[in-house]
Amino acid sequence: MKSYISAAVLAAALMPVAAFAQEEQKPAVTISGSATIASDYRFRGVSQSDKGMAVQGGLTLSHESGLYAGVWGSNLAGWGTFGGANMELDLIGGYKLPVADNATLDLGLIWYMYPGGADESDFAEPYVKLTGTTGPATLTAGVAYAPKQYALANISAAPNSRGQSEDNLYLWGDGALAIGGTPLTAKAHIGYSDGNPGLGPNGTSVAPTGRYWDWSLGMDATWRNLTLNISYVDTDIGKAEAARLQPNFSTGGDGSGSIADAAVVASLTASF
C-alpha cells in the first residue's frame with residue numbers, strides 16, 4: 001500500500017525550516033537612528049543649550065564584524081557661543097566585540113564639530129567602555145581621553161594661562177534596571193572630569209572648573225519605539241567656581257546663576 005504526503009502537509013513541515021533560514025540571513029550592515037526633543041541639552045552635567053530646549057538626532061551604520069560609524073547632532077546656545085556655532089555635529093566611529101556571554105567591549109572615537117564656528121572649537125576624543133548585563137540590570141563603565149589639543153587650551157580664568165594646549169580625561173559609570181512587568185527602566189549615571197581649569201579659545205571648556213563630578217538619576221518609560229525620560233541632573237560645581245567663568249557660565253550670559261545648576265530634564269526619543 002503506497003503512502004502519500006500532501007503538498008499542504010509538506011509545506012507545513014518545511015515552514016519552521018524556512019523561517020529559521022530567514023532568521024539566519026541577517027543583513028551584514030544594519031542602520032539605526034533616533035530623534036529626540038529635550039527640555040535641555042546637558043553634556044556631562046553642564047547645559048549646552050542655555051537651559052533651553054534642544055532638538056537632537058543620530059544615525060548609525062553597524063557591520064556584523066563589530067565595526068560601526070555614526071553621526072549625531074544637536075542645537076546649541078550660550079556658553080561662549082561655541083566659536084560662533086549654533087550646532088554641534090559629532091562624527092563617531094568604533095568597534096564592538098563580545099568579551100563574554102553577557103559583556104561587550106566598545107572602542108571608539110568621537111570628533112566634536114561645531115559647524116559655522118571657529119576651527120579651533122573642534123576636537124577629538126577616543127573612548128573605551130565595557131557594558132555587561134546580569135538579569136534585568138545593565139552596567140557600563142567607561143573612560144574617554146582627549147589628547148592635548150588647542151580646542152581644549154587654557155586661555156582664560158585660570159592661573160598661569162598662556163594659551164597652551166590641554167588634554168581632558170572623563171570617567172563614567174552608568175546603570176539601568178528594567179522593572180519587570182512594566183515599561184519602566186530606572187537609570188543612574190556618575191561621571192568625573194579632569195581637564196582645563198578655565199575657558200578655552202571660544203569661551204567654553206570640557207571640564208570648566210578643572211575637576212568636577214556630575215551625576216543623574218532618572219526613569220525611562222518606553223512604548224513601542226518611543227521613550228520618555230525624566231532625569232534629575234546635577235554637578236558639584238559651586239557658586240564660587242561658577243563665578244570665575246561668568247558671564248559665559250550663566251543663562252543668557254548675564255552673569256547670574258549657573259548652567260551647571262541642578263535641573264530636572266525631560267526628553268522624548270523616537271528610535272528606528
# chains A, B, ... in the order shown; residues from 1 in each chain; ligands from 1
>>> select_by_dssp(residues="stretch 11-191 of chain A", states="alpha helix (DSSP H)", output="PyMOL selection string")
chain A and resi 11-24
>>> write_last_selection(atoms="C-alpha atoms", output="PDB file, in the first residue's frame")
ATOM      1  CA  ALA A  11       4.671  22.841   3.297  1.00  0.00           C
ATOM      2  CA  ALA A  12       3.689  22.903   6.957  1.00  0.00           C
ATOM      3  CA  ALA A  13       6.556  20.591   7.833  1.00  0.00           C
ATOM      4  CA  LEU A  14       9.078  22.722   5.986  1.00  0.00           C
ATOM      5  CA  MET A  15       7.780  26.053   7.330  1.00  0.00           C
ATOM      6  CA  PRO A  16       9.906  26.079  10.522  1.00  0.00           C
ATOM      7  CA  VAL A  17      12.980  25.289   8.441  1.00  0.00           C
ATOM      8  CA  ALA A  18      12.230  28.159   6.073  1.00  0.00           C
ATOM      9  CA  ALA A  19      11.598  30.532   8.952  1.00  0.00           C
ATOM     10  CA  PHE A  20      14.884  29.505  10.583  1.00  0.00           C
ATOM     11  CA  ALA A  21      16.717  30.113   7.306  1.00  0.00           C
ATOM     12  CA  GLN A  22      15.221  33.598   7.053  1.00  0.00           C
ATOM     13  CA  GLU A  23      16.302  34.383  10.603  1.00  0.00           C
ATOM     14  CA  GLU A  24      19.830  33.263   9.796  1.00  0.00           C
TER      15      GLU A  24
END
>>> select_by_dssp(residues="stretch 178-232 of chain A", states="strand (DSSP E)", output="ChimeraX atom specification")
/A:178,184-194,211-223,226-232
>>> write_last_selection(atoms="N, CA and C atoms", output="short mmCIF file (atom, residue, chain, number, x, y, z; two decimals), in the first residue's frame")
data_model
loop_
_atom_site.label_atom_id
_atom_site.label_comp_id
_atom_site.auth_asym_id
_atom_site.auth_seq_id
_atom_site.Cartn_x
_atom_site.Cartn_y
_atom_site.Cartn_z
N ALA A 178 15.73 47.35 34.47
CA ALA A 178 14.38 47.18 33.95
C ALA A 178 13.46 46.70 35.07
N LEU A 184 8.96 50.44 32.40
CA LEU A 184 9.85 51.38 33.05
C LEU A 184 11.26 50.82 33.25
N THR A 185 12.25 51.70 33.14
CA THR A 185 13.64 51.37 33.42
C THR A 185 14.25 52.47 34.26
N ALA A 186 14.74 52.12 35.45
CA ALA A 186 15.42 53.09 36.30
C ALA A 186 16.87 53.24 35.83
N LYS A 187 17.37 54.50 35.83
CA LYS A 187 18.70 54.74 35.31
C LYS A 187 19.49 55.64 36.25
N ALA A 188 20.81 55.43 36.28
CA ALA A 188 21.70 56.25 37.11
C ALA A 188 23.01 56.47 36.36
N HIS A 189 23.64 57.61 36.62
CA HIS A 189 24.90 57.96 35.96
C HIS A 189 25.77 58.74 36.92
N ILE A 190 27.07 58.50 36.87
CA ILE A 190 28.03 59.33 37.58
C ILE A 190 29.26 59.50 36.71
N GLY A 191 29.82 60.71 36.70
CA GLY A 191 30.99 60.98 35.88
C GLY A 191 31.97 61.90 36.57
N TYR A 192 33.24 61.82 36.17
CA TYR A 192 34.29 62.64 36.75
C TYR A 192 35.13 63.23 35.62
N SER A 193 35.28 64.56 35.61
CA SER A 193 36.06 65.26 34.59
C SER A 193 37.35 65.81 35.19
N ASP A 194 38.42 65.76 34.40
CA ASP A 194 39.71 66.30 34.81
C ASP A 194 40.37 66.91 33.58
N ARG A 211 38.40 70.11 37.65
CA ARG A 211 37.97 68.80 38.14
C ARG A 211 36.58 68.94 38.74
N TYR A 212 35.67 68.09 38.33
CA TYR A 212 34.34 68.13 38.93
C TYR A 212 33.59 66.83 38.67
N TRP A 213 32.54 66.61 39.46
CA TRP A 213 31.68 65.43 39.33
C TRP A 213 30.34 65.83 38.74
N ASP A 214 29.77 64.95 37.96
CA ASP A 214 28.38 65.12 37.51
C ASP A 214 27.64 63.81 37.73
N TRP A 215 26.34 63.90 37.94
CA TRP A 215 25.53 62.70 38.17
C TRP A 215 24.09 62.94 37.77
N SER A 216 23.36 61.86 37.59
CA SER A 216 21.94 61.96 37.27
C SER A 216 21.21 60.70 37.73
N LEU A 217 19.94 60.86 38.05
CA LEU A 217 19.03 59.77 38.37
C LEU A 217 17.77 59.98 37.56
N GLY A 218 17.28 58.92 36.92
CA GLY A 218 16.12 59.10 36.08
C GLY A 218 15.34 57.83 35.83
N MET A 219 14.32 57.98 34.99
CA MET A 219 13.45 56.86 34.65
C MET A 219 13.04 56.95 33.19
N ASP A 220 13.13 55.82 32.49
CA ASP A 220 12.63 55.70 31.13
C ASP A 220 11.26 55.03 31.15
N ALA A 221 10.37 55.51 30.30
CA ALA A 221 9.10 54.84 30.06
C ALA A 221 9.01 54.62 28.55
N THR A 222 8.95 53.36 28.13
CA THR A 222 9.01 53.01 26.71
C THR A 222 7.70 52.45 26.21
N TRP A 223 7.27 52.93 25.04
CA TRP A 223 6.09 52.41 24.35
C TRP A 223 6.44 52.30 22.88
N LEU A 226 9.01 54.60 21.16
CA LEU A 226 9.10 55.90 21.83
C LEU A 226 9.57 55.71 23.27
N THR A 227 10.47 56.59 23.72
CA THR A 227 10.95 56.53 25.10
C THR A 227 10.88 57.92 25.71
N LEU A 228 10.17 58.02 26.82
CA LEU A 228 10.10 59.25 27.60
C LEU A 228 11.05 59.10 28.78
N ASN A 229 11.94 60.07 28.95
CA ASN A 229 12.88 60.05 30.07
C ASN A 229 12.71 61.30 30.92
N ILE A 230 12.69 61.11 32.23
CA ILE A 230 12.71 62.21 33.19
C ILE A 230 13.92 61.97 34.09
N SER A 231 14.83 62.95 34.17
CA SER A 231 16.05 62.78 34.96
C SER A 231 16.35 64.02 35.79
N TYR A 232 16.91 63.78 36.95
CA TYR A 232 17.45 64.84 37.79
C TYR A 232 18.96 64.87 37.52
#
>>> residues_around(residues="A:Ala54", least_positions_apart="3", cutoff="7 Å", atoms="only C-alpha atoms", output="count of residues only")
8
>>> atom_distance(atom1="atom CA of A:Leu199", atom2="atom CA of A:Asn154")
6.4 Å
>>> residues_around(residues="A:Ala28", least_positions_apart="2", cutoff="8 Å", atoms="only C-alpha atoms", output="short mmCIF file (atom, residue, chain, number, x, y, z; two decimals) with N, CA and C atoms, in the first residue's frame")
data_model
loop_
_atom_site.label_atom_id
_atom_site.label_comp_id
_atom_site.auth_asym_id
_atom_site.auth_seq_id
_atom_site.Cartn_x
_atom_site.Cartn_y
_atom_site.Cartn_z
N LYS A 26 20.63 37.37 8.21
CA LYS A 26 20.62 38.74 8.69
C LYS A 26 21.53 39.58 7.80
N THR A 30 23.53 47.00 9.23
CA THR A 30 22.24 47.49 9.72
C THR A 30 22.32 48.99 9.98
N HIS A 63 28.23 47.13 11.18
CA HIS A 63 28.58 45.95 10.40
C HIS A 63 28.62 44.74 11.31
N GLU A 64 28.32 43.58 10.75
CA GLU A 64 28.28 42.35 11.55
C GLU A 64 29.63 42.02 12.19
#
>>> closest_residue(among="A:Ala85, A:Tyr145, A:Leu152, A:Gly33", to="A:Ala118", atoms="only C-alpha atoms")
A:Ala85
>>> atom_distance(atom1="atom CA of A:Leu89", atom2="atom CA of A:Thr269")
18.0 Å
>>> atom_distance(atom1="atom CA of A:Tyr95", atom2="atom CA of A:Pro126")
11.8 Å
>>> closest_residue(among="A:Thr209, A:Ser34, A:Ser256, A:Thr204", to="A:Val55", atoms="only C-alpha atoms")
A:Ser34
>>> residues_around(residues="A:Leu130", least_positions_apart="4", cutoff="9 Å", atoms="only C-alpha atoms", output="PyMOL selection string")
chain A and resi 103-107+139-142
>>> write_last_selection(atoms="all heavy atoms", output="PDB file, in the first residue's frame")
ATOM      1  N   ALA A 103      28.775  40.414  28.043  1.00  0.00           N
ATOM      2  CA  ALA A 103      29.559  41.647  28.127  1.00  0.00           C
ATOM      3  C   ALA A 103      30.107  42.032  26.761  1.00  0.00           C
ATOM      4  O   ALA A 103      30.433  41.170  25.937  1.00  0.00           O
ATOM      5  CB  ALA A 103      30.699  41.500  29.124  1.00  0.00           C
ATOM      6  N   THR A 104      30.222  43.344  26.527  1.00  0.00           N
ATOM      7  CA  THR A 104      30.717  43.873  25.261  1.00  0.00           C
ATOM      8  C   THR A 104      31.717  44.989  25.517  1.00  0.00           C
ATOM      9  O   THR A 104      31.471  45.877  26.345  1.00  0.00           O
ATOM     10  CB  THR A 104      29.564  44.424  24.399  1.00  0.00           C
ATOM     11  OG1 THR A 104      28.620  43.389  24.139  1.00  0.00           O
ATOM     12  CG2 THR A 104      30.082  44.966  23.078  1.00  0.00           C
ATOM     13  N   LEU A 105      32.841  44.934  24.819  1.00  0.00           N
ATOM     14  CA  LEU A 105      33.849  45.981  24.885  1.00  0.00           C
ATOM     15  C   LEU A 105      33.691  46.871  23.665  1.00  0.00           C
ATOM     16  O   LEU A 105      33.589  46.378  22.535  1.00  0.00           O
ATOM     17  CB  LEU A 105      35.251  45.376  24.913  1.00  0.00           C
ATOM     18  CG  LEU A 105      36.414  46.354  25.103  1.00  0.00           C
ATOM     19  CD1 LEU A 105      36.348  47.012  26.482  1.00  0.00           C
ATOM     20  CD2 LEU A 105      37.744  45.630  24.919  1.00  0.00           C
ATOM     21  N   ASP A 106      33.668  48.169  23.886  1.00  0.00           N
ATOM     22  CA  ASP A 106      33.439  49.145  22.819  1.00  0.00           C
ATOM     23  C   ASP A 106      34.607  50.121  22.788  1.00  0.00           C
ATOM     24  O   ASP A 106      34.868  50.815  23.778  1.00  0.00           O
ATOM     25  CB  ASP A 106      32.115  49.868  23.080  1.00  0.00           C
ATOM     26  CG  ASP A 106      31.727  50.827  21.956  1.00  0.00           C
ATOM     27  OD1 ASP A 106      32.542  51.041  21.049  1.00  0.00           O
ATOM     28  OD2 ASP A 106      30.601  51.358  22.007  1.00  0.00           O
ATOM     29  N   LEU A 107      35.327  50.175  21.657  1.00  0.00           N
ATOM     30  CA  LEU A 107      36.440  51.099  21.474  1.00  0.00           C
ATOM     31  C   LEU A 107      36.103  52.032  20.333  1.00  0.00           C
ATOM     32  O   LEU A 107      35.732  51.575  19.244  1.00  0.00           O
ATOM     33  CB  LEU A 107      37.740  50.356  21.160  1.00  0.00           C
ATOM     34  CG  LEU A 107      38.227  49.304  22.163  1.00  0.00           C
ATOM     35  CD1 LEU A 107      37.682  47.918  21.780  1.00  0.00           C
ATOM     36  CD2 LEU A 107      39.745  49.259  22.194  1.00  0.00           C
ATOM     37  N   LEU A 139      25.033  47.350  33.212  1.00  0.00           N
ATOM     38  CA  LEU A 139      26.041  48.219  33.814  1.00  0.00           C
ATOM     39  C   LEU A 139      27.097  48.583  32.783  1.00  0.00           C
ATOM     40  O   LEU A 139      27.516  47.732  31.988  1.00  0.00           O
ATOM     41  CB  LEU A 139      26.696  47.523  35.003  1.00  0.00           C
ATOM     42  CG  LEU A 139      25.763  47.077  36.133  1.00  0.00           C
ATOM     43  CD1 LEU A 139      26.552  46.287  37.176  1.00  0.00           C
ATOM     44  CD2 LEU A 139      25.081  48.280  36.780  1.00  0.00           C
ATOM     45  N   THR A 140      27.527  49.842  32.799  1.00  0.00           N
ATOM     46  CA  THR A 140      28.549  50.317  31.874  1.00  0.00           C
ATOM     47  C   THR A 140      29.605  51.116  32.621  1.00  0.00           C
ATOM     48  O   THR A 140      29.270  51.949  33.474  1.00  0.00           O
ATOM     49  CB  THR A 140      27.940  51.208  30.776  1.00  0.00           C
ATOM     50  OG1 THR A 140      26.991  50.458  30.020  1.00  0.00           O
ATOM     51  CG2 THR A 140      29.009  51.745  29.836  1.00  0.00           C
ATOM     52  N   ALA A 141      30.875  50.857  32.316  1.00  0.00           N
ATOM     53  CA  ALA A 141      31.985  51.649  32.837  1.00  0.00           C
ATOM     54  C   ALA A 141      32.789  52.143  31.641  1.00  0.00           C
ATOM     55  O   ALA A 141      33.043  51.385  30.698  1.00  0.00           O
ATOM     56  CB  ALA A 141      32.866  50.814  33.762  1.00  0.00           C
ATOM     57  N   GLY A 142      33.149  53.426  31.665  1.00  0.00           N
ATOM     58  CA  GLY A 142      33.847  53.961  30.509  1.00  0.00           C
ATOM     59  C   GLY A 142      34.903  54.989  30.866  1.00  0.00           C
ATOM     60  O   GLY A 142      34.897  55.589  31.943  1.00  0.00           O
TER      61      GLY A 142
END
